[in-house]
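Visitor: One file: structure-v8.cif (mmCIF, C-alpha atoms; chains and numbers go by the auth columns).
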```cif
data_target
loop_
_atom_site.group_PDB
_atom_site.id
_atom_site.type_symbol
_atom_site.label_atom_id
_atom_site.label_comp_id
_atom_site.label_asym_id
_atom_site.label_seq_id
_atom_site.Cartn_x
_atom_site.Cartn_y
_atom_site.Cartn_z
_atom_site.B_iso_or_equiv
_atom_site.auth_seq_id
_atom_site.auth_asym_id
ATOM 1 C CA MET A 1 64.891 117.538 89.974 0.00 194 I
ATOM 2 C CA ALA A 2 66.010 113.943 89.637 0.00 195 I
ATOM 3 C CA ALA A 3 64.825 111.516 92.271 0.00 196 I
ATOM 4 C CA THR A 4 67.569 109.805 94.243 0.00 197 I
ATOM 5 C CA ILE A 5 67.732 106.030 94.053 0.00 198 I
ATOM 6 C CA SER A 6 68.245 103.909 97.152 0.00 199 I
ATOM 7 C CA LEU A 7 71.095 101.428 97.378 0.00 200 I
ATOM 8 C CA VAL A 8 68.524 98.630 97.302 0.00 201 I
ATOM 9 C CA GLU A 9 67.109 99.853 93.990 0.00 202 I
ATOM 10 C CA ARG A 10 70.328 101.100 92.427 0.00 203 I
ATOM 11 C CA LYS A 11 70.607 98.345 89.830 0.00 204 I
ATOM 12 C CA LYS A 12 67.281 99.280 88.256 0.00 205 I
ATOM 13 C CA PHE A 13 69.072 101.580 85.866 0.00 206 I
ATOM 14 C CA ASN A 14 67.349 104.653 84.480 0.00 207 I
ATOM 15 C CA ASP A 15 69.763 107.121 82.918 0.00 208 I
ATOM 16 C CA THR A 16 67.437 110.056 83.661 0.00 209 I
ATOM 17 C CA GLN A 17 68.001 109.618 87.402 0.00 210 I
ATOM 18 C CA VAL A 18 70.942 109.864 89.750 0.00 211 I
ATOM 19 C CA HIS A 19 72.168 106.570 91.146 0.00 212 I
ATOM 20 C CA ALA A 20 73.845 105.722 94.426 0.00 213 I
ATOM 21 C CA VAL A 21 76.999 103.762 93.602 0.00 214 I
ATOM 22 C CA ALA A 22 77.980 103.436 97.276 0.00 215 I
ATOM 23 C CA ASN A 23 77.146 105.362 100.425 0.00 216 I
ATOM 24 C CA ASN A 24 77.511 109.019 99.392 0.00 217 I
ATOM 25 C CA ILE A 25 78.988 108.262 95.974 0.00 218 I
ATOM 26 C CA TRP A 26 76.674 109.061 93.075 0.00 219 I
ATOM 27 C CA TRP A 27 76.549 108.518 89.325 0.00 220 I
ATOM 28 C CA VAL A 28 75.492 111.855 87.825 0.00 221 I
ATOM 29 C CA GLY A 29 76.005 111.041 84.159 0.00 222 I
ATOM 30 C CA TYR A 30 74.028 110.768 80.975 0.00 223 I
ATOM 31 C CA LYS A 31 73.509 108.683 77.887 0.00 224 I
ATOM 32 C CA GLU A 32 73.785 110.351 74.527 0.00 225 I
ATOM 33 C CA ASN A 33 71.434 109.140 71.820 0.00 226 I
ATOM 34 C CA GLY A 34 73.309 107.494 68.978 0.00 227 I
ATOM 35 C CA ASN A 35 76.483 107.131 71.053 0.00 228 I
ATOM 36 C CA LYS A 36 77.466 103.658 72.252 0.00 229 I
ATOM 37 C CA CYS A 37 79.257 105.083 75.285 0.00 230 I
ATOM 38 C CA LEU A 38 77.674 106.082 78.562 0.00 231 I
ATOM 39 C CA HIS A 39 79.277 109.133 80.184 0.00 232 I
ATOM 40 C CA ASN A 40 79.999 108.606 83.867 0.00 233 I
ATOM 41 C CA PRO A 41 80.738 111.690 85.961 0.00 234 I
ATOM 42 C CA TYR A 42 80.745 110.793 89.670 0.00 235 I
ATOM 43 C CA LEU A 43 80.064 112.841 92.787 0.00 236 I
ATOM 44 C CA LEU A 44 81.622 111.894 96.133 0.00 237 I
ATOM 45 C CA VAL A 45 80.004 113.537 99.168 0.00 238 I
ATOM 46 C CA ASP A 46 81.937 113.687 102.436 0.00 239 I
ATOM 47 C CA GLY A 47 80.009 115.643 105.051 0.00 240 I
ATOM 48 C CA GLU A 48 79.812 119.234 103.852 0.00 241 I
ATOM 49 C CA GLU A 49 82.478 118.686 101.193 0.00 242 I
ATOM 50 C CA SER A 50 81.899 117.220 97.730 0.00 243 I
ATOM 51 C CA VAL A 51 84.257 116.029 94.995 0.00 244 I
ATOM 52 C CA LEU A 52 83.293 115.949 91.316 0.00 245 I
ATOM 53 C CA ILE A 53 85.182 113.424 89.162 0.00 246 I
ATOM 54 C CA ASN A 54 85.304 113.910 85.371 0.00 247 I
ATOM 55 C CA PRO A 55 82.417 116.413 85.046 0.00 248 I
ATOM 56 C CA GLY A 56 81.772 115.714 81.361 0.00 249 I
ATOM 57 C CA SER A 57 81.022 117.693 78.224 0.00 250 I
ATOM 58 C CA ARG A 58 80.170 121.401 78.128 0.00 251 I
ATOM 59 C CA ALA A 59 77.458 120.828 75.506 0.00 252 I
ATOM 60 C CA GLU A 60 74.408 122.573 76.973 0.00 253 I
ATOM 61 C CA ASN A 61 72.276 119.451 77.354 0.00 254 I
ATOM 62 C CA HIS A 62 75.117 117.390 78.869 0.00 255 I
ATOM 63 C CA TYR A 63 76.181 120.079 81.325 0.00 256 I
ATOM 64 C CA LYS A 64 72.594 120.768 82.395 0.00 257 I
ATOM 65 C CA ILE A 65 71.886 117.076 83.071 0.00 258 I
ATOM 66 C CA THR A 66 74.929 116.674 85.299 0.00 259 I
ATOM 67 C CA ARG A 67 74.424 120.044 87.032 0.00 260 I
ATOM 68 C CA ASP A 68 70.765 119.290 87.790 0.00 261 I
ATOM 69 C CA LYS A 69 71.540 115.798 89.039 0.00 262 I
ATOM 70 C CA ILE A 70 74.173 117.156 91.405 0.00 263 I
ATOM 71 C CA SER A 71 71.760 119.826 92.621 0.00 264 I
ATOM 72 C CA SER A 72 69.218 117.113 93.464 0.00 265 I
ATOM 73 C CA ILE A 73 71.711 115.632 95.938 0.00 266 I
ATOM 74 C CA VAL A 74 73.650 118.545 97.463 0.00 267 I
ATOM 75 C CA ASP A 75 74.057 122.278 97.249 0.00 268 I
ATOM 76 C CA ILE A 76 76.418 122.579 94.304 0.00 269 I
ATOM 77 C CA SER A 77 78.564 125.088 96.233 0.00 270 I
ATOM 78 C CA THR A 78 79.726 122.183 98.443 0.00 271 I
ATOM 79 C CA ILE A 79 81.934 121.002 95.571 0.00 272 I
ATOM 80 C CA LYS A 80 85.427 121.910 96.762 0.00 273 I
ATOM 81 C CA SER A 81 87.436 119.656 94.431 0.00 274 I
ATOM 82 C CA ILE A 82 87.121 118.720 90.757 0.00 275 I
ATOM 83 C CA ILE A 83 89.306 115.885 89.490 0.00 276 I
ATOM 84 C CA LEU A 84 89.963 115.410 85.773 0.00 277 I
ATOM 85 C CA LEU A 85 91.507 112.119 84.699 0.00 278 I
ATOM 86 C CA HIS A 86 91.498 112.861 80.967 0.00 279 I
ATOM 87 C CA HIS A 87 91.769 115.890 78.684 0.00 280 I
ATOM 88 C CA ASP A 88 89.077 114.619 76.293 0.00 281 I
ATOM 89 C CA PRO A 89 86.386 117.363 75.989 0.00 282 I
ATOM 90 C CA GLU A 90 83.667 114.729 76.405 0.00 283 I
ATOM 91 C CA ARG A 91 84.996 114.075 79.893 0.00 284 I
ATOM 92 C CA CYS A 92 86.137 117.420 81.231 0.00 285 I
ATOM 93 C CA ALA A 93 85.248 120.429 79.034 0.00 286 I
ATOM 94 C CA SER A 94 82.480 121.508 81.434 0.00 287 I
ATOM 95 C CA VAL A 95 85.050 122.213 84.162 0.00 288 I
ATOM 96 C CA SER A 96 85.052 125.960 83.464 0.00 289 I
ATOM 97 C CA LEU A 97 81.236 126.074 83.664 0.00 290 I
ATOM 98 C CA PHE A 98 81.267 124.323 87.021 0.00 291 I
ATOM 99 C CA GLU A 99 83.981 126.696 88.207 0.00 292 I
ATOM 100 C CA GLY A 100 81.436 129.483 88.210 0.00 293 I
ATOM 101 C CA ILE A 101 78.916 127.750 90.492 0.00 294 I
ATOM 102 C CA VAL A 102 80.926 125.595 92.897 0.00 295 I
ATOM 103 C CA ASP A 103 82.920 126.736 95.950 0.00 296 I
ATOM 104 C CA ARG A 104 84.891 129.835 94.934 0.00 297 I
ATOM 105 C CA ASN A 105 88.086 128.279 96.319 0.00 298 I
ATOM 106 C CA VAL A 106 87.594 125.040 94.396 0.00 299 I
ATOM 107 C CA ARG A 107 90.719 122.971 93.790 0.00 300 I
ATOM 108 C CA ILE A 108 91.131 121.441 90.338 0.00 301 I
ATOM 109 C CA TYR A 109 93.323 118.357 90.052 0.00 302 I
ATOM 110 C CA ALA A 110 94.612 116.531 86.976 0.00 303 I
ATOM 111 C CA PRO A 111 97.525 114.226 86.055 0.00 304 I
ATOM 112 C CA SER A 112 100.545 116.270 85.005 0.00 305 I
ATOM 113 C CA PRO A 113 100.188 115.772 81.203 0.00 306 I
ATOM 114 C CA VAL A 114 96.470 116.613 81.456 0.00 307 I
ATOM 115 C CA ALA A 115 96.986 119.697 83.625 0.00 308 I
ATOM 116 C CA SER A 116 98.786 121.548 80.841 0.00 309 I
ATOM 117 C CA SER A 117 95.757 121.091 78.542 0.00 310 I
ATOM 118 C CA ILE A 118 93.013 122.064 80.982 0.00 311 I
ATOM 119 C CA LYS A 119 93.774 125.799 80.743 0.00 312 I
ATOM 120 C CA PHE A 120 92.410 125.723 77.191 0.00 313 I
ATOM 121 C CA TYR A 121 88.932 125.017 78.592 0.00 314 I
ATOM 122 C CA GLY A 122 88.978 128.484 80.144 0.00 315 I
ATOM 123 C CA CYS A 123 89.753 127.593 83.759 0.00 316 I
ATOM 124 C CA ASN A 124 90.400 130.504 86.082 0.00 317 I
ATOM 125 C CA HIS A 125 91.818 128.450 88.943 0.00 318 I
ATOM 126 C CA PRO A 126 95.285 126.908 88.765 0.00 319 I
ATOM 127 C CA VAL A 127 95.297 123.184 88.040 0.00 320 I
ATOM 128 C CA ILE A 128 97.091 121.062 90.640 0.00 321 I
ATOM 129 C CA SER A 129 99.162 118.308 89.024 0.00 322 I
ATOM 130 C CA LEU A 130 98.811 114.716 90.193 0.00 323 I
ATOM 131 C CA ASP A 131 101.767 112.362 90.015 0.00 324 I
ATOM 132 C CA ALA A 132 102.359 108.782 91.175 0.00 325 I
ATOM 133 C CA GLY A 133 101.919 108.502 94.928 0.00 326 I
ATOM 134 C CA ASP A 134 99.941 111.736 95.301 0.00 327 I
ATOM 135 C CA SER A 135 96.822 111.917 97.461 0.00 328 I
ATOM 136 C CA ILE A 136 93.903 114.302 97.737 0.00 329 I
ATOM 137 C CA ILE A 137 93.068 114.739 101.426 0.00 330 I
ATOM 138 C CA LEU A 138 89.601 116.019 102.304 0.00 331 I
ATOM 139 C CA LYS A 139 88.768 118.143 105.331 0.00 332 I
ATOM 140 C CA SER A 140 87.609 115.064 107.273 0.00 333 I
ATOM 141 C CA GLY A 141 90.947 113.331 106.643 0.00 334 I
ATOM 142 C CA ARG A 142 89.462 111.058 103.987 0.00 335 I
ATOM 143 C CA THR A 143 92.099 110.259 101.383 0.00 336 I
ATOM 144 C CA ILE A 144 91.718 109.729 97.644 0.00 337 I
ATOM 145 C CA ASN A 145 94.899 108.216 96.222 0.00 338 I
ATOM 146 C CA TYR A 146 96.116 108.673 92.656 0.00 339 I
ATOM 147 C CA TYR A 147 97.772 105.872 90.666 0.00 340 I
ATOM 148 C CA LYS A 148 99.384 106.336 87.273 0.00 341 I
ATOM 149 C CA THR A 149 98.349 103.996 84.476 0.00 342 I
ATOM 150 C CA PRO A 150 100.618 105.208 81.658 0.00 343 I
ATOM 151 C CA GLN A 151 99.677 104.341 78.064 0.00 344 I
ATOM 152 C CA LEU A 152 96.104 103.409 79.026 0.00 345 I
ATOM 153 C CA ASN A 153 95.320 105.065 76.687 0.00 346 I
ATOM 154 C CA PHE A 154 97.653 108.063 76.898 0.00 347 I
ATOM 155 C CA ALA A 155 100.818 108.991 78.768 0.00 348 I
ATOM 156 C CA GLY A 156 99.100 110.830 81.609 0.00 349 I
ATOM 157 C CA SER A 157 96.259 108.448 82.348 0.00 350 I
ATOM 158 C CA GLY A 158 95.529 107.389 85.909 0.00 351 I
ATOM 159 C CA MET A 159 92.961 106.138 88.381 0.00 352 I
ATOM 160 C CA LEU A 160 91.686 107.168 91.812 0.00 353 I
ATOM 161 C CA HIS A 161 91.126 104.975 94.863 0.00 354 I
ATOM 162 C CA ASP A 162 88.806 105.995 97.675 0.00 355 I
ATOM 163 C CA ALA A 163 89.833 103.612 100.442 0.00 356 I
ATOM 164 C CA ALA A 164 86.934 104.652 102.698 0.00 357 I
ATOM 165 C CA SER A 165 84.373 103.160 100.304 0.00 358 I
ATOM 166 C CA GLY A 166 86.608 100.709 98.446 0.00 359 I
ATOM 167 C CA THR A 167 85.765 102.476 95.180 0.00 360 I
ATOM 168 C CA LEU A 168 88.272 102.567 92.324 0.00 361 I
ATOM 169 C CA PHE A 169 87.651 105.157 89.604 0.00 362 I
ATOM 170 C CA THR A 170 89.524 103.743 86.626 0.00 363 I
ATOM 171 C CA GLY A 171 89.069 106.427 83.981 0.00 364 I
ATOM 172 C CA ASN A 172 89.658 104.819 80.586 0.00 365 I
ATOM 173 C CA ILE A 173 90.323 101.323 81.929 0.00 366 I
ATOM 174 C CA PHE A 174 87.449 98.878 81.327 0.00 367 I
ATOM 175 C CA LYS A 175 85.749 101.280 78.959 0.00 368 I
ATOM 176 C CA CYS A 176 83.035 99.793 76.817 0.00 369 I
ATOM 177 C CA LYS A 177 81.041 100.512 73.665 0.00 370 I
ATOM 178 C CA THR A 178 77.710 98.769 73.332 0.00 371 I
ATOM 179 C CA ASP A 179 74.110 99.252 72.237 0.00 372 I
ATOM 180 C CA ASN A 180 72.882 97.407 75.343 0.00 373 I
ATOM 181 C CA TRP A 181 73.722 99.816 78.140 0.00 374 I
ATOM 182 C CA ASP A 182 73.373 99.058 81.808 0.00 375 I
ATOM 183 C CA LEU A 183 75.050 100.986 84.602 0.00 376 I
ATOM 184 C CA TYR A 184 76.283 97.736 86.173 0.00 377 I
ATOM 185 C CA ALA A 185 78.282 95.151 84.275 0.00 378 I
ATOM 186 C CA GLN A 186 76.351 92.021 83.436 0.00 379 I
ATOM 187 C CA ALA A 187 78.022 88.707 82.598 0.00 380 I
ATOM 188 C CA ASN A 188 77.628 89.356 78.861 0.00 381 I
ATOM 189 C CA ALA A 189 79.307 92.777 79.147 0.00 382 I
ATOM 190 C CA TRP A 190 82.762 91.254 79.114 0.00 383 I
ATOM 191 C CA ASP A 191 83.005 90.810 75.337 0.00 384 I
ATOM 192 C CA ASP A 192 82.430 94.532 74.750 0.00 385 I
ATOM 193 C CA ILE A 193 84.885 95.528 77.495 0.00 386 I
ATOM 194 C CA ALA A 194 87.505 93.098 76.217 0.00 387 I
ATOM 195 C CA LEU A 195 87.259 94.439 72.675 0.00 388 I
ATOM 196 C CA CYS A 196 88.082 97.968 73.866 0.00 389 I
ATOM 197 C CA SER A 197 90.844 96.691 76.169 0.00 390 I
ATOM 198 C CA THR A 198 92.808 95.263 73.235 0.00 391 I
ATOM 199 C CA GLU A 199 93.407 98.851 72.105 0.00 392 I
ATOM 200 C CA CYS A 200 95.840 99.147 75.055 0.00 393 I
ATOM 201 C CA PRO A 201 99.481 97.987 75.133 0.00 394 I
ATOM 202 C CA LYS A 202 99.512 94.500 76.675 0.00 395 I
ATOM 203 C CA LYS A 203 102.350 95.108 79.155 0.00 396 I
ATOM 204 C CA ALA A 204 100.859 98.345 80.488 0.00 397 I
ATOM 205 C CA PHE A 205 97.443 96.728 80.774 0.00 398 I
ATOM 206 C CA HIS A 206 98.766 93.819 82.851 0.00 399 I
ATOM 207 C CA GLN A 207 100.794 96.141 85.083 0.00 400 I
ATOM 208 C CA THR A 208 97.598 98.038 85.836 0.00 401 I
ATOM 209 C CA LEU A 209 95.717 94.804 86.562 0.00 402 I
ATOM 210 C CA ASN A 210 98.417 94.026 89.163 0.00 403 I
ATOM 211 C CA LYS A 211 97.803 97.422 90.794 0.00 404 I
ATOM 212 C CA ILE A 212 94.073 96.780 90.876 0.00 405 I
ATOM 213 C CA ASP A 213 94.647 93.351 92.446 0.00 406 I
ATOM 214 C CA ARG A 214 96.658 94.922 95.262 0.00 407 I
ATOM 215 C CA LEU A 215 94.006 97.546 95.983 0.00 408 I
ATOM 216 C CA LEU A 216 91.230 94.943 96.449 0.00 409 I
ATOM 217 C CA PRO A 217 88.458 97.311 95.314 0.00 410 I
ATOM 218 C CA GLN A 218 84.854 96.659 96.247 0.00 411 I
ATOM 219 C CA ARG A 219 83.752 98.229 92.975 0.00 412 I
ATOM 220 C CA ILE A 220 85.371 99.498 89.783 0.00 413 I
ATOM 221 C CA CYS A 221 83.893 102.675 88.269 0.00 414 I
ATOM 222 C CA PRO A 222 85.142 103.431 84.743 0.00 415 I
ATOM 223 C CA HIS A 223 84.382 106.734 83.092 0.00 416 I
ATOM 224 C CA ARG A 224 83.033 105.129 79.923 0.00 417 I
ATOM 225 C CA GLY A 225 81.996 101.654 80.924 0.00 418 I
ATOM 226 C CA PRO A 226 79.643 99.792 83.273 0.00 419 I
ATOM 227 C CA ILE A 227 80.420 99.623 86.974 0.00 420 I
ATOM 228 C CA ILE A 228 81.966 96.292 87.974 0.00 421 I
ATOM 229 C CA GLU A 229 80.877 95.282 91.449 0.00 422 I
ATOM 230 C CA GLU A 230 79.860 91.645 91.399 0.00 423 I
ATOM 231 C CA ASN A 231 82.417 88.996 90.443 0.00 424 I
ATOM 232 C CA ILE A 232 85.322 91.452 90.277 0.00 425 I
ATOM 233 C CA ASP A 233 87.796 88.559 90.540 0.00 426 I
ATOM 234 C CA LYS A 234 86.216 86.872 87.524 0.00 427 I
ATOM 235 C CA PHE A 235 86.429 90.070 85.481 0.00 428 I
ATOM 236 C CA LEU A 236 90.087 90.544 86.410 0.00 429 I
ATOM 237 C CA LYS A 237 90.844 86.910 85.556 0.00 430 I
ATOM 238 C CA ALA A 238 89.123 87.314 82.203 0.00 431 I
ATOM 239 C CA ALA A 239 91.110 90.505 81.607 0.00 432 I
ATOM 240 C CA ARG A 240 94.369 88.584 82.026 0.00 433 I
ATOM 241 C CA ASN A 241 93.278 86.159 79.324 0.00 434 I
ATOM 242 C CA ILE A 242 92.569 88.765 76.643 0.00 435 I
ATOM 243 C CA SER A 243 94.309 88.047 73.346 0.00 436 I
ATOM 244 C CA PHE A 244 96.422 91.003 72.265 0.00 437 I
ATOM 245 C CA SER A 245 97.775 91.449 68.756 0.00 438 I
ATOM 246 C CA ASP A 246 101.299 92.018 70.136 0.00 439 I
#
```
Please render this file's structure as structure tokens.

Guide:
Amino acid sequence: MAATISLVERKKFNDTQVHAVANNIWWVGYKENGNKCLHNPYLLVDGEESVLINPGSRAENHYKITRDKISSIVDISTIKSIILLHHDPERCASVSLFEGIVDRNVRIYAPSPVASSIKFYGCNHPVISLDAGDSIILKSGRTINYYKTPQLNFAGSGMLHDAASGTLFTGNIFKCKTDNWDLYAQANAWDDIALCSTECPKKAFHQTLNKIDRLLPQRICPHRGPIIEENIDKFLKAARNISFSD
């Protein structure tokens, strides 16, 4: 089993271990050799209830890494919700595998355009559609709010905000491709993030930055990019100054 990492040590990144992103929020992802992207499934634990966000690929080695990391933290049957922010198989194809080992009444959530695709991964449970303004309310009353970010980089894209921890899960926003991976964004990470950001429509990108500003997140957790926690304001300011081709 993977050893858990304390909040004090969390920035000493080792992709073979689980990492505490915030109190009871864990990175349970993996790095694929030869791939410049880190895959970032996250697990949110709230008492006896857990939420899995973007569980990742169903390739045997990927699924096993994430499953074993989760099992090192909680009993995997405590997972009562799985949230999928993208239909890309690298990010969500393992959902049907997790279905068989999590709580039998698990709820699966996805943005409306994504929900129609998820059935092709062999899900047995109905997929609950997420639209602008929707919230996922846990047993404790904790609320995870969904915000649409259309065109970043597809019509149904969105992000999740956990107000209790100040954590914003941004899906494809602030993704990054680099040979020099670290779980947390360093000052020199911006060039790689900016390069990927220019693939987005400028207007949609700036509208999303305005949403992020209003939410005042304590940390930004992309699915395929380093976590931004220090100097968030500087990263957002730099994002506004990106040069787009349009």

Visitor: Determine the residue membership of the PyMOL selection byres ((chain I and resi 282) around 12) for the file above and supply it as JSON, numbers by chain.

Guide: {"I": [232, 247, 248, 249, 250, 251, 252, 255, 256, 277, 278, 279, 280, 281, 283, 284, 285, 286, 287, 288, 289, 307, 310, 311, 313, 314]}

Visitor: To one decimal in Å, tell me the separation between atom CA of Ile329 of chain I and atom CA of Ala432 of chain I.

Guide: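 Atom-to-atom, atom CA of Ile329 of chain I to atom CA of Ala432 of chain I, that is 28.9 Å.
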
Visitor: Once the PyMOL selection byres ((chain I and resi 276) around 12) has been applied to the shown file, what residues remain in the selection, as a PyMOL selection string?

Guide: chain I and resi 234-237+243-249+272-275+277-280+284-285+287-288+291+299-304+307-308+311+320-323+328-329+337-339+351-353+362+364

Visitor: Which residue, I:Ser436, I:Thr271, I:Ser350, I:Asn424, has the smallest gap to Thr363 of chain I when you use all atoms listed in the file?

Guide: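 Selected residue with least distance to Thr363 of chain I: I:Ser350.
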
Visitor: I'd like the neighbourhood of segment 406-409 of chain I as number ranges by chain, where a residue qualifies if any of its atoms comes within 9 Å (using only C-alpha atoms), though same-chain residues fewer than 4 positions away should be ignored.

Guide: I: 354, 356, 359, 361, 401-402, 426, 429

Visitor: Which of these residues is nearest to Gln379 of chain I, using all atoms listed in the file: I:Glu225, I:Asp324, I:Glu292, I:Glu423?

Guide: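 When distances to Gln379 of chain I are compared using all atoms listed in the file, the smallest one comes from I:Glu423.
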
Visitor: Between I:Asn254, I:Ser309, I:Asn434, I:Thr360, which is the closest to Glu422 of chain I once you count only C-alpha atoms?

Guide: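 Counting only C-alpha atoms, the residue closest to Glu422 of chain I is I:Thr360.
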